[in-house]
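Listing of input.txt; format and content: compact mmCIF, C-alpha atoms.
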# COMPACT_ATOMS: atom_id res chain seq x y z
CA MET U 1239 60.10 18.68 21.44
CA SER U 1240 62.14 20.49 18.81
CA VAL U 1241 61.56 19.61 15.17
CA THR U 1242 63.14 21.25 12.16
CA THR U 1243 61.98 21.12 8.56
CA SER U 1244 62.95 22.68 5.27
CA LYS U 1245 59.43 24.12 4.81
CA SER U 1246 57.24 26.22 7.08
CA ASN U 1247 53.59 25.59 7.95
CA GLN U 1248 52.53 28.34 5.58
CA GLU U 1249 54.61 27.04 2.69
CA LEU U 1250 53.07 23.59 3.03
CA LEU U 1251 49.57 25.04 3.45
CA ASN U 1252 50.05 27.13 0.31
CA GLN U 1253 51.18 24.02 -1.55
CA GLN U 1254 48.14 22.13 -0.28
CA GLU U 1255 45.80 24.93 -1.35
CA LYS U 1256 47.27 24.97 -4.83
CA ARG U 1257 46.96 21.23 -5.42
CA GLU U 1258 44.17 19.92 -3.21
CA SER U 1259 40.40 20.07 -3.72
CA ASN U 1260 38.42 23.08 -2.61
CA ALA U 1261 36.40 20.61 -0.51
CA ARG U 1262 39.20 20.39 2.07
CA SER U 1263 37.92 21.63 5.42
CA TYR U 1264 40.09 21.22 8.53
CA PRO U 1265 43.16 23.14 7.25
CA ARG U 1266 40.97 26.23 6.87
CA ARG U 1267 40.41 26.30 10.65
CA ILE U 1268 43.49 24.45 11.87
CA PRO U 1269 46.31 25.97 9.82
CA LEU U 1270 49.31 23.74 10.43
CA ALA U 1271 51.29 20.89 8.89
CA ILE U 1272 51.84 18.00 11.30
CA LYS U 1273 55.32 16.60 11.74
CA GLU U 1274 55.01 14.23 14.70
CA ALA U 1275 52.32 12.94 17.03
CA GLU U 1276 52.21 10.99 20.28
CA GLY U 1277 49.42 10.48 22.78
CA ILE U 1278 47.23 13.57 22.93
CA TYR U 1279 49.96 15.81 21.44
CA ILE U 1280 50.89 16.74 17.90
CA THR U 1281 53.88 18.79 16.78
CA ASP U 1282 53.93 20.91 13.65
CA VAL U 1283 56.80 21.29 11.18
CA GLU U 1284 58.03 24.39 13.00
CA GLY U 1285 58.32 22.64 16.35
CA ARG U 1286 55.16 23.92 18.08
CA THR U 1287 53.25 21.35 20.13
CA TYR U 1288 49.47 21.23 20.52
CA ILE U 1289 46.98 19.34 22.66
CA ASP U 1290 44.79 17.48 20.20
CA CYS U 1291 41.13 17.57 21.30
CA LEU U 1292 39.95 16.71 17.81
CA ALA U 1293 41.73 13.34 17.65
CA GLY U 1294 40.79 12.51 14.09
CA ALA U 1295 37.17 13.57 14.72
CA GLY U 1296 37.03 10.99 17.50
CA THR U 1297 38.98 8.30 15.65
CA LEU U 1298 42.00 8.15 17.97
CA ALA U 1299 40.57 6.49 21.08
CA LEU U 1300 44.08 5.74 22.36
CA GLY U 1301 45.63 8.90 20.96
CA HIS U 1302 48.40 9.08 18.39
CA ASN U 1303 50.81 6.15 17.96
CA HIS U 1304 49.82 4.24 21.08
CA PRO U 1305 52.35 1.44 21.78
CA VAL U 1306 49.77 -1.39 21.68
CA VAL U 1307 48.51 -0.20 18.31
CA ILE U 1308 52.02 0.15 16.89
CA GLU U 1309 52.94 -3.31 18.21
CA ALA U 1310 49.88 -4.87 16.55
CA MET U 1311 50.73 -3.24 13.21
CA GLU U 1312 54.37 -4.26 13.42
CA LYS U 1313 53.42 -7.87 14.15
CA VAL U 1314 51.33 -8.06 10.98
CA LEU U 1315 54.32 -6.83 8.97
CA HIS U 1316 56.89 -8.95 10.81
CA ASP U 1317 54.84 -12.14 10.33
CA ARG U 1318 54.39 -11.41 6.64
CA LEU U 1319 50.62 -11.60 6.98
CA PRO U 1320 48.47 -10.52 4.04
CA LEU U 1321 47.48 -6.88 4.10
CA HIS U 1322 44.61 -7.21 1.64
CA THR U 1323 42.17 -10.14 1.56
CA LEU U 1324 38.84 -8.82 0.20
CA ASP U 1325 36.36 -10.71 2.42
CA ILE U 1326 38.39 -13.92 2.59
CA THR U 1327 38.94 -14.73 6.24
CA THR U 1328 42.18 -14.95 8.22
CA GLU U 1329 43.11 -15.60 11.82
CA VAL U 1330 43.56 -11.84 12.27
CA LYS U 1331 40.02 -11.25 11.04
CA GLU U 1332 38.48 -13.99 13.19
CA SER U 1333 40.32 -12.67 16.27
CA PHE U 1334 38.92 -9.21 15.57
CA VAL U 1335 35.36 -10.55 15.29
CA ASP U 1336 35.86 -12.56 18.50
CA GLU U 1337 36.95 -9.43 20.38
CA LEU U 1338 34.17 -7.26 18.96
CA PHE U 1339 31.42 -9.81 19.61
CA ALA U 1340 32.72 -10.35 23.16
CA SER U 1341 32.13 -6.61 23.67
CA LEU U 1342 28.46 -6.78 22.67
CA PRO U 1343 25.60 -6.73 25.18
CA GLU U 1344 24.64 -10.24 26.24
CA GLY U 1345 21.23 -10.10 24.60
CA PHE U 1346 22.77 -9.23 21.24
CA ARG U 1347 25.94 -11.30 21.21
CA ASP U 1348 24.42 -14.65 20.27
CA ARG U 1349 22.23 -13.17 17.53
CA ALA U 1350 24.82 -10.92 15.91
CA LYS U 1351 26.03 -10.98 12.32
CA ILE U 1352 28.69 -8.66 10.91
CA GLN U 1353 29.21 -7.04 7.50
CA PHE U 1354 32.64 -5.62 6.72
CA CYS U 1355 32.31 -2.51 4.58
CA GLY U 1356 34.51 -0.05 2.74
CA PRO U 1357 36.96 2.06 4.73
CA THR U 1358 34.57 4.79 5.87
CA GLY U 1359 31.65 4.99 8.26
CA GLY U 1360 29.61 6.45 5.42
CA ASP U 1361 29.88 3.22 3.44
CA ALA U 1362 28.75 1.21 6.46
CA ILE U 1363 25.72 3.50 6.89
CA GLU U 1364 24.90 2.90 3.23
CA ALA U 1365 25.17 -0.83 3.88
CA ALA U 1366 22.88 -0.64 6.91
CA LEU U 1367 20.20 1.18 4.91
CA LYS U 1368 20.43 -1.35 2.09
CA LEU U 1369 20.23 -4.18 4.61
CA ALA U 1370 17.05 -2.81 6.17
CA LYS U 1371 15.41 -2.16 2.80
CA THR U 1372 16.29 -5.66 1.63
CA ALA U 1373 15.00 -7.32 4.81
CA THR U 1374 11.73 -5.39 4.96
CA GLY U 1375 10.98 -4.82 1.29
CA ARG U 1376 10.16 -1.21 2.16
CA GLN U 1377 11.74 2.06 1.04
CA SER U 1378 10.82 4.90 3.44
CA LEU U 1379 13.55 6.01 5.87
CA LEU U 1380 13.09 7.84 9.17
CA THR U 1381 15.96 10.09 10.20
CA PHE U 1382 16.37 13.16 12.40
CA GLN U 1383 16.90 16.88 12.16
CA GLY U 1384 20.49 17.74 13.08
CA GLY U 1385 21.80 14.25 12.39
CA TYR U 1386 24.96 13.55 10.42
CA HIS U 1387 25.73 10.19 8.80
CA GLY U 1388 28.31 10.90 6.10
CA SER U 1389 28.91 12.68 2.81
CA THR U 1390 28.11 10.00 0.24
CA HIS U 1391 24.99 10.50 -1.85
CA GLY U 1392 22.87 8.28 0.39
CA THR U 1393 24.23 9.35 3.75
CA MET U 1394 24.03 13.02 2.81
CA SER U 1395 20.36 12.42 1.97
CA ILE U 1396 19.60 11.28 5.52
CA SER U 1397 21.72 13.98 7.20
CA GLY U 1398 20.27 17.27 8.41
CA ASN U 1399 22.91 19.69 7.13
CA LEU U 1400 21.44 21.58 4.19
CA ALA U 1401 24.57 23.23 2.76
CA PRO U 1402 26.10 20.16 1.05
CA LYS U 1403 22.74 19.25 -0.49
CA ARG U 1404 22.00 22.50 -2.28
CA LYS U 1405 23.91 21.69 -5.47
CA VAL U 1406 23.37 17.92 -5.50
CA GLN U 1407 20.32 16.64 -7.36
CA GLY U 1408 18.39 13.40 -6.96
CA LEU U 1409 18.82 12.70 -3.26
CA VAL U 1410 17.41 9.45 -1.85
CA PRO U 1411 13.60 9.68 -2.00
CA ASP U 1412 11.17 8.81 0.81
CA THR U 1413 13.51 10.21 3.46
CA HIS U 1414 11.61 11.79 6.35
CA PHE U 1415 13.14 14.04 9.00
CA LEU U 1416 11.82 13.86 12.55
CA PRO U 1417 12.34 16.20 15.56
CA TYR U 1418 15.35 15.28 17.69
CA PRO U 1419 15.20 16.17 21.41
CA TYR U 1420 17.52 19.19 21.27
CA ASP U 1421 17.11 20.52 24.81
CA TYR U 1422 18.59 24.01 24.32
CA ARG U 1423 16.67 24.73 21.12
CA CYS U 1424 13.72 22.37 21.51
CA PRO U 1425 11.65 22.15 18.29
CA PHE U 1426 8.54 22.21 20.48
CA GLY U 1427 9.70 25.15 22.57
CA LYS U 1428 9.68 23.14 25.79
CA GLY U 1429 12.99 21.38 26.34
CA GLY U 1430 13.91 18.96 29.09
CA LYS U 1431 11.76 15.94 29.84
CA GLU U 1432 8.66 17.55 28.34
CA GLY U 1433 10.39 18.29 25.04
CA ALA U 1434 11.63 14.70 24.75
CA GLU U 1435 8.15 13.37 25.56
CA LEU U 1436 6.60 15.58 22.89
CA SER U 1437 9.13 14.34 20.33
CA ALA U 1438 8.31 10.72 21.13
CA ALA U 1439 4.55 11.36 21.14
CA TYR U 1440 4.76 13.17 17.80
CA ILE U 1441 6.72 10.31 16.21
CA GLU U 1442 4.40 7.63 17.54
CA GLN U 1443 1.31 9.52 16.35
CA LEU U 1444 2.92 10.06 12.94
CA LEU U 1445 3.60 6.35 12.50
CA ASP U 1446 0.05 5.39 13.45
CA ASP U 1447 -1.66 8.07 11.35
CA PRO U 1448 -3.17 6.56 8.17
CA GLU U 1449 -3.01 10.04 6.60
CA SER U 1450 0.62 10.80 7.57
CA GLY U 1451 1.80 10.47 3.99
CA ILE U 1452 4.66 8.20 5.05
CA LEU U 1453 4.63 4.58 3.92
CA PRO U 1454 5.68 1.92 6.47
CA PRO U 1455 9.39 2.59 7.01
CA ALA U 1456 12.30 0.34 6.17
CA ALA U 1457 14.26 1.74 9.12
CA MET U 1458 14.77 4.47 11.66
CA ILE U 1459 18.33 5.74 12.09
CA PHE U 1460 19.87 8.17 14.57
CA GLU U 1461 22.88 9.00 16.75
CA THR U 1462 22.35 8.79 20.51
CA VAL U 1463 24.55 11.89 20.74
CA GLN U 1464 24.50 13.99 17.60
CA GLY U 1465 28.14 14.64 16.79
CA GLU U 1466 28.56 17.01 13.86
CA GLY U 1467 25.14 18.38 14.77
CA GLY U 1468 26.66 19.92 17.89
CA ALA U 1469 27.29 17.26 20.58
CA ILE U 1470 23.58 16.98 21.43
CA PRO U 1471 22.75 14.03 23.70
CA ALA U 1472 19.29 12.47 23.56
CA SER U 1473 17.79 11.65 26.93
CA LEU U 1474 17.90 8.00 27.94
CA GLU U 1475 14.12 7.89 28.28
CA TRP U 1476 13.72 9.15 24.71
CA LEU U 1477 16.08 6.44 23.48
CA LYS U 1478 14.01 3.81 25.28
CA GLU U 1479 10.87 5.24 23.70
CA MET U 1480 12.37 5.04 20.21
CA ARG U 1481 13.24 1.40 20.80
CA ARG U 1482 9.72 0.66 22.07
CA ILE U 1483 8.03 2.51 19.22
CA THR U 1484 10.09 0.84 16.49
CA LYS U 1485 9.92 -2.63 18.03
CA GLU U 1486 6.14 -2.55 18.41
CA ARG U 1487 5.77 -1.59 14.75
CA GLY U 1488 8.38 -3.91 13.27
CA ILE U 1489 10.64 -1.05 12.14
CA PRO U 1490 14.36 -1.92 12.20
CA LEU U 1491 16.25 0.49 14.45
CA ILE U 1492 19.73 1.43 13.24
CA ILE U 1493 22.00 3.35 15.60
CA ASP U 1494 24.94 5.26 14.16
CA GLU U 1495 27.85 4.55 16.53
CA VAL U 1496 30.53 5.81 14.16
CA GLN U 1497 31.58 8.60 16.52
CA THR U 1498 29.95 7.50 19.78
CA GLY U 1499 31.23 3.92 19.80
CA ILE U 1500 34.20 2.24 21.53
CA GLY U 1501 33.94 3.96 24.91
CA ARG U 1502 33.56 7.56 23.73
CA THR U 1503 30.38 8.32 25.71
CA GLY U 1504 31.22 6.35 28.84
CA GLU U 1505 29.98 2.94 27.68
CA MET U 1506 31.50 0.67 25.06
CA PHE U 1507 28.50 1.46 22.85
CA SER U 1508 26.41 4.54 23.50
CA PHE U 1509 23.05 2.76 23.31
CA GLU U 1510 24.04 0.79 26.43
CA HIS U 1511 23.39 3.88 28.57
CA ALA U 1512 19.67 3.36 27.92
CA GLY U 1513 19.77 -0.41 28.29
CA ILE U 1514 18.43 -0.94 24.76
CA VAL U 1515 19.54 -3.17 21.90
CA PRO U 1516 19.11 -1.92 18.31
CA ASP U 1517 18.47 -4.15 15.32
CA ALA U 1518 21.67 -2.88 13.74
CA PHE U 1519 24.46 -0.45 14.53
CA VAL U 1520 27.37 0.96 12.61
CA LEU U 1521 30.97 1.28 13.79
CA SER U 1522 33.99 2.98 12.26
CA LYS U 1523 36.43 5.71 13.40
CA ALA U 1524 37.96 4.31 16.64
CA LEU U 1525 37.19 0.74 15.57
CA GLY U 1526 40.33 0.41 13.41
CA GLY U 1527 42.77 1.71 16.00
CA SER U 1528 43.51 4.76 13.78
CA LEU U 1529 43.31 2.84 10.47
CA PRO U 1530 40.31 2.74 8.08
CA LEU U 1531 37.71 0.13 9.05
CA SER U 1532 33.93 0.06 9.18
CA VAL U 1533 31.32 -2.57 9.94
CA VAL U 1534 27.61 -3.09 10.41
CA VAL U 1535 26.66 -5.35 13.31
CA TYR U 1536 23.06 -6.55 13.11
CA ASP U 1537 20.49 -9.08 14.26
CA ARG U 1538 20.56 -12.26 12.19
CA ASP U 1539 16.84 -11.87 11.36
CA LEU U 1540 17.83 -9.03 9.00
CA ASP U 1541 20.31 -11.17 7.06
CA ALA U 1542 18.30 -11.42 3.83
CA TRP U 1543 21.15 -10.39 1.55
CA GLU U 1544 22.26 -12.36 -1.49
CA PRO U 1545 26.03 -12.96 -1.97
CA GLY U 1546 27.71 -9.78 -3.15
CA ALA U 1547 24.81 -7.53 -2.09
CA HIS U 1548 27.30 -5.12 -0.49
CA ILE U 1549 30.93 -5.28 -1.48
CA GLY U 1550 34.08 -3.14 -1.39
CA THR U 1551 37.65 -3.83 -2.40
CA PHE U 1552 39.16 -2.61 0.86
CA ARG U 1553 36.84 -4.37 3.30
CA GLY U 1554 39.64 -6.78 4.20
CA ASN U 1555 42.10 -4.35 5.82
CA GLN U 1556 44.09 -6.79 7.97
CA MET U 1557 46.32 -4.23 9.63
CA ALA U 1558 43.27 -2.22 10.70
CA MET U 1559 41.71 -5.36 12.15
CA ALA U 1560 44.86 -6.12 14.12
CA ALA U 1561 45.04 -2.52 15.37
CA GLY U 1562 41.33 -2.60 16.13
CA THR U 1563 41.63 -5.80 18.16
CA ALA U 1564 44.44 -4.25 20.21
CA THR U 1565 42.37 -1.10 20.75
CA LEU U 1566 39.25 -2.98 21.85
CA LYS U 1567 41.28 -5.05 24.32
CA TYR U 1568 43.03 -1.99 25.73
CA VAL U 1569 39.81 -0.01 26.12
CA LYS U 1570 38.24 -2.88 28.07
CA GLU U 1571 41.26 -3.93 30.13
CA HIS U 1572 41.97 -0.34 31.21
CA GLN U 1573 38.30 0.57 31.69
CA LEU U 1574 38.60 3.56 29.40
CA ALA U 1575 34.84 3.89 29.01
CA SER U 1576 34.53 4.53 32.75
CA HIS U 1577 37.53 6.84 32.55
CA ALA U 1578 35.87 8.77 29.71
CA SER U 1579 32.75 9.14 31.83
CA ALA U 1580 34.69 10.44 34.84
CA ILE U 1581 36.92 12.84 32.91
CA GLY U 1582 33.95 13.95 30.83
CA ASP U 1583 31.99 14.83 33.97
CA LYS U 1584 34.93 16.90 35.22
CA LEU U 1585 35.26 18.72 31.91
CA LEU U 1586 31.53 19.42 31.80
CA GLN U 1587 31.55 20.84 35.31
CA ALA U 1588 34.62 22.99 34.61
CA LEU U 1589 33.03 24.33 31.43
CA LYS U 1590 29.83 25.12 33.30
CA ASP U 1591 31.91 27.03 35.85
CA ILE U 1592 33.37 29.12 33.02
CA GLN U 1593 29.85 29.58 31.64
CA LYS U 1594 28.83 31.37 34.84
CA HIS U 1595 31.18 34.22 33.91
CA TYR U 1596 30.48 34.36 30.17
CA PRO U 1597 26.88 34.58 28.89
CA GLU U 1598 28.35 33.92 25.44
CA LEU U 1599 28.53 30.26 26.47
CA GLY U 1600 24.85 29.54 25.92
CA ASP U 1601 24.81 25.82 26.58
CA VAL U 1602 27.30 23.23 27.84
CA ARG U 1603 26.37 19.61 27.10
CA GLY U 1604 27.62 16.19 26.19
CA ARG U 1605 28.08 12.62 27.33
CA GLY U 1606 31.44 11.16 28.28
CA LEU U 1607 34.22 12.66 26.15
CA MET U 1608 31.87 13.99 23.50
CA ILE U 1609 31.29 17.55 24.67
CA GLY U 1610 29.94 20.71 23.08
CA VAL U 1611 29.68 24.36 24.11
CA GLU U 1612 27.14 26.37 22.12
CA ILE U 1613 28.32 29.93 21.58
CA VAL U 1614 25.65 32.63 21.45
CA ASP U 1615 25.16 36.38 21.11
CA PRO U 1616 23.68 37.52 24.46
CA SER U 1617 22.86 40.93 22.96
CA GLY U 1618 20.41 39.32 20.55
CA LYS U 1619 16.79 38.43 21.08
CA ALA U 1620 16.31 35.34 23.24
CA SER U 1621 13.77 32.63 22.51
CA PRO U 1622 10.88 32.18 24.99
CA ARG U 1623 13.04 29.57 26.74
CA GLY U 1624 16.03 31.94 26.97
CA ALA U 1625 18.20 30.65 24.12
CA TYR U 1626 20.10 33.47 22.44
CA PRO U 1627 20.99 33.51 18.72
CA ALA U 1628 23.90 31.31 17.70
CA ASP U 1629 27.19 33.14 17.16
CA GLY U 1630 29.35 31.21 14.73
CA ALA U 1631 31.79 34.10 14.31
CA LEU U 1632 32.59 34.14 18.03
CA ALA U 1633 32.92 30.35 18.06
CA SER U 1634 35.52 30.65 15.29
CA ARG U 1635 37.41 33.32 17.24
CA ILE U 1636 37.43 31.08 20.33
CA GLN U 1637 38.74 28.22 18.22
CA LYS U 1638 41.51 30.44 16.86
CA GLU U 1639 42.44 31.74 20.32
CA CYS U 1640 42.67 28.14 21.52
CA PHE U 1641 44.84 27.21 18.55
CA ASP U 1642 47.17 30.15 19.18
CA ARG U 1643 47.59 28.86 22.76
CA GLY U 1644 48.30 25.28 21.74
CA LEU U 1645 44.86 23.63 21.88
CA ILE U 1646 43.12 22.08 18.87
CA ILE U 1647 39.34 21.91 19.07
CA GLU U 1648 36.65 21.82 16.41
CA VAL U 1649 33.52 23.82 15.72
CA GLY U 1650 30.26 22.40 14.39
CA GLY U 1651 26.55 22.38 14.98
CA ARG U 1652 24.06 24.81 13.57
CA HIS U 1653 25.68 27.97 12.20
CA GLY U 1654 29.08 26.51 13.16
CA ALA U 1655 28.46 27.85 16.67
CA VAL U 1656 29.30 24.81 18.79
CA VAL U 1657 32.83 24.37 20.11
CA ARG U 1658 33.47 20.63 20.33
CA PHE U 1659 35.83 18.57 22.50
CA LEU U 1660 36.74 15.03 21.33
CA PRO U 1661 40.00 14.22 23.13
CA PRO U 1662 41.53 10.74 23.14
CA LEU U 1663 40.07 8.51 25.85
CA ILE U 1664 43.50 8.31 27.50
CA ILE U 1665 43.48 11.99 28.48
CA SER U 1666 44.59 12.45 32.10
CA ASP U 1667 43.18 14.69 34.82
CA GLU U 1668 46.20 16.96 34.52
CA GLN U 1669 45.84 17.23 30.76
CA ALA U 1670 42.11 17.93 31.12
CA GLU U 1671 42.93 20.76 33.52
CA GLU U 1672 45.35 22.20 30.97
CA VAL U 1673 42.64 22.05 28.31
CA ILE U 1674 40.25 23.96 30.59
CA SER U 1675 42.89 26.55 31.46
CA ILE U 1676 43.61 27.27 27.81
CA PHE U 1677 39.92 27.37 26.92
CA ARG U 1678 39.20 29.82 29.72
CA GLU U 1679 41.93 32.17 28.45
CA ALA U 1680 40.71 31.80 24.87
CA VAL U 1681 37.11 32.65 25.76
CA ALA U 1682 38.25 35.72 27.69
CA ALA U 1683 40.37 36.89 24.76
CA ALA U 1684 37.73 36.24 22.11
CA ALA U 1685 34.95 37.86 24.14
CA ARG U 1686 37.01 41.08 24.44
CA GLU U 1687 37.39 41.49 20.67
In C-alpha cells, how does this file's structure come out?
Amino acid sequence: MSVTTSKSNQELLNQQEKRESNARSYPRRIPLAIKEAEGIYITDVEGRTYIDCLAGAGTLALGHNHPVVIEAMEKVLHDRLPLHTLDITTEVKESFVDELFASLPEGFRDRAKIQFCGPTGGDAIEAALKLAKTATGRQSLLTFQGGYHGSTHGTMSISGNLAPKRKVQGLVPDTHFLPYPYDYRCPFGKGGKEGAELSAAYIEQLLDDPESGILPPAAMIFETVQGEGGAIPASLEWLKEMRRITKERGIPLIIDEVQTGIGRTGEMFSFEHAGIVPDAFVLSKALGGSLPLSVVVYDRDLDAWEPGAHIGTFRGNQMAMAAGTATLKYVKEHQLASHASAIGDKLLQALKDIQKHYPELGDVRGRGLMIGVEIVDPSGKASPRGAYPADGALASRIQKECFDRGLIIEVGGRHGAVVRFLPPLIISDEQAEEVISIFREAVAAAARE
C-alpha cells in the first residue's frame, strides 16, 4: 500500500514531542505516525506497512477497522441514535448487556449485575474496589506483586510497578502485596507446582494468622495472566486455590480481565480455564470493539451501592456498545477464543524453538495470544534455579530490530526485559509464521551487537 503525506514520521514525532506531555510512552519505542490501518496491519505516513502485534495493548480483538465493527458504528450514525446517554438506557445498551450476559458462565449468568464505568479499565477497577468496600464494610485490599491495574491514584496503589509511585504521595492505605506464582523467578525459589503451592499456603496462613497485621480484607484482586507485569500466567490449580481460600473466608474475589478478557487467553474470560467464578470481574479494552468502554460485572449479593455511588459522564457510550456487541458476537460465532488458543500454542512452540539457539531468551510463556519472552544476560550470575539477570537493554534492541523489519511488539515486565506479543485474535497461521520469521531475524541481529 502506497501512502503519501506532506509530513514525514520524524516531523510529526517532533511536533508531538514539542506539544504533548512528557508522560507519553509508546512513541518513544515505536517511532512512527500512523496513516492507515486494516486487520493486523498499520501503515505509516511514509507508506511503510507493519504487522501490529501490540493491537492497542490488546484492545483490537478483531484488528483494525474490522467490517462488522465499522458496520455497527455506521448503523448508529445512520439511524440517528443518541451517542451520549449517561446511564439512561437504550435498545443498543440493552442489546449489549444481553450479549455480554449470554457470554457469562452458567453459574454466574443468573446472578450477575453490571456497572457501566468511565471509558478506561482503570475507572472500572476503581469501581470494583469501591463496590467491595461498600459491600463488606472493610478497607484492607489484597493484591499481588507484579500486577498492573491502571494508572489512576487508586489503581496505581494496588499495582506492583514502583516507578510511577515514587513521586506520588498518599497512596491508598491498607494495601497488601502478596507473592504471585512467577514460575521463572519464583519468590520462594522453587517454581512450578511447588512454587504455586507455597504461594497459596503462605496466603492462607497469612489470612488465618491473628498476628498477621492485616485486618479482614474487603477484596482480593489479581490478573490470571499478568499483562504489563510480563505475560506471567498463574497455574490453574493456584487460581482454584485462590477461589477456595477467598470463598471460605468471605473475601470478595475480583479478577481483572481488562487485558485477558474477550477470548484473548483461549476462553471468553480467562478465569474459565480454571473452572472458577469470581465475585466480580472487570472488562475493558476489547469490550468496546476498539472504542472506550469499561464495566464491572459482579454477583448481586455485592450490590449494596446507593444511587450515584459510582458515576461518570461518558459511561453511556452508545457507539462503543454497538461495536462491542458486534465484537462479542463475532468472537463467539467464529470461535476466536479457540483460534487464539491454537495459534498461541503454535507461537509458543516456535518461540521455544528459537530459544534453543539463543540463551538470551530466558523464558517463553503465556496463555492463548498473550505471550511473553523474557530476555536475559546469560553471562551474568544465574539464580539457584538457573534464571539469569534480566536484560532490558537487549529486549529494547530486539524490539527495535523487529520494528525495522516491519513488526510492532511491546516490551514490559520487570526491568522492561519481557518482549510481549498481543496480536489481534484474527491473526492467521501464515501471518503468525511471518511474525516468527521476523522475530528470529531480529533476535539474531540484536544478539550480535
Residue contacts of U:Ile1664 (10 Å, all atoms listed in the file) excluding same-chain residues fewer than 4 positions away, as an MDAnalysis selection string:
chainID U and resid 1277:1278 1298:1301 1304 1569 1572 1574:1575 1577:1578 1581 1669
If you count only C-alpha atoms, the residue of U:Ala1438, U:Ala1472, U:Met1480, U:Leu1251 closest to U:Gly1604 turns out to be U:Ala1472
Mind checking which residues fall within 10 Å of U:Pro1516, counting only C-alpha atoms, ignoring those fewer than 2 positions away in the same chain, and posting them as a PyMOL selection string?
chain U and resi 1346+1459+1480-1481+1484-1485+1490-1493+1509-1510+1514+1518-1519+1535-1537
Point (24.8, 10.2, 19.3), cut-off 12 Å, counting only C-alpha atoms, residues as a ChimeraX atom specification
/U:1382,1384-1387,1418-1420,1459-1474,1477,1492-1499,1502-1503,1507-1511,1519-1520,1604-1609
Within 8 Å of U:Phe1339 using all atoms listed in the file, minus same-chain residues under 4 positions, as an NGL selection string
:U and (1335 or 1347 or 1350)
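Nearest residue to U:Ala1456 among U:Leu1292, U:Leu1380, U:Val1681, U:Ala1547 is U:Leu1380, counting all atoms listed in the file.
A cut-off of 10 Å from the point (25.7, 25.3, 31.2), with only C-alpha atoms, picks out the residues U:Tyr1422, U:Leu1586, U:Gln1587, U:Ala1588, U:Leu1589, U:Lys1590, U:Asp1591, U:Ile1592, U:Gln1593, U:Lys1594, U:Pro1597, U:Leu1599, U:Gly1600, U:Asp1601, U:Val1602, U:Arg1603, U:Val1611, U:Glu1612.
Distances to U:Val1314 were evaluated for U:Thr1328, U:Glu1284, U:Asn1399, U:Ile1289 using all atoms listed in the file, and the minimum falls at U:Thr1328.
Shortest atom-to-atom contact with U:Thr1374 among U:Trp1543, U:Tyr1626, U:Leu1529, U:Glu1337: U:Trp1543, counting only C-alpha atoms.
Between atom CA of U:Thr1323 and atom CA of U:Gly1546 there is a distance of 15.2 Å.
In terms of minimum interatomic distance to U:Leu1270, U:Asp1642 ranks closest within U:Glu1329, U:Asp1348, U:Asp1642, U:Glu1486, counting all atoms listed in the file.
Note that the spacing between atom CA of U:Phe1415 and atom CA of U:Thr1381 amounts to 5.0 Å.
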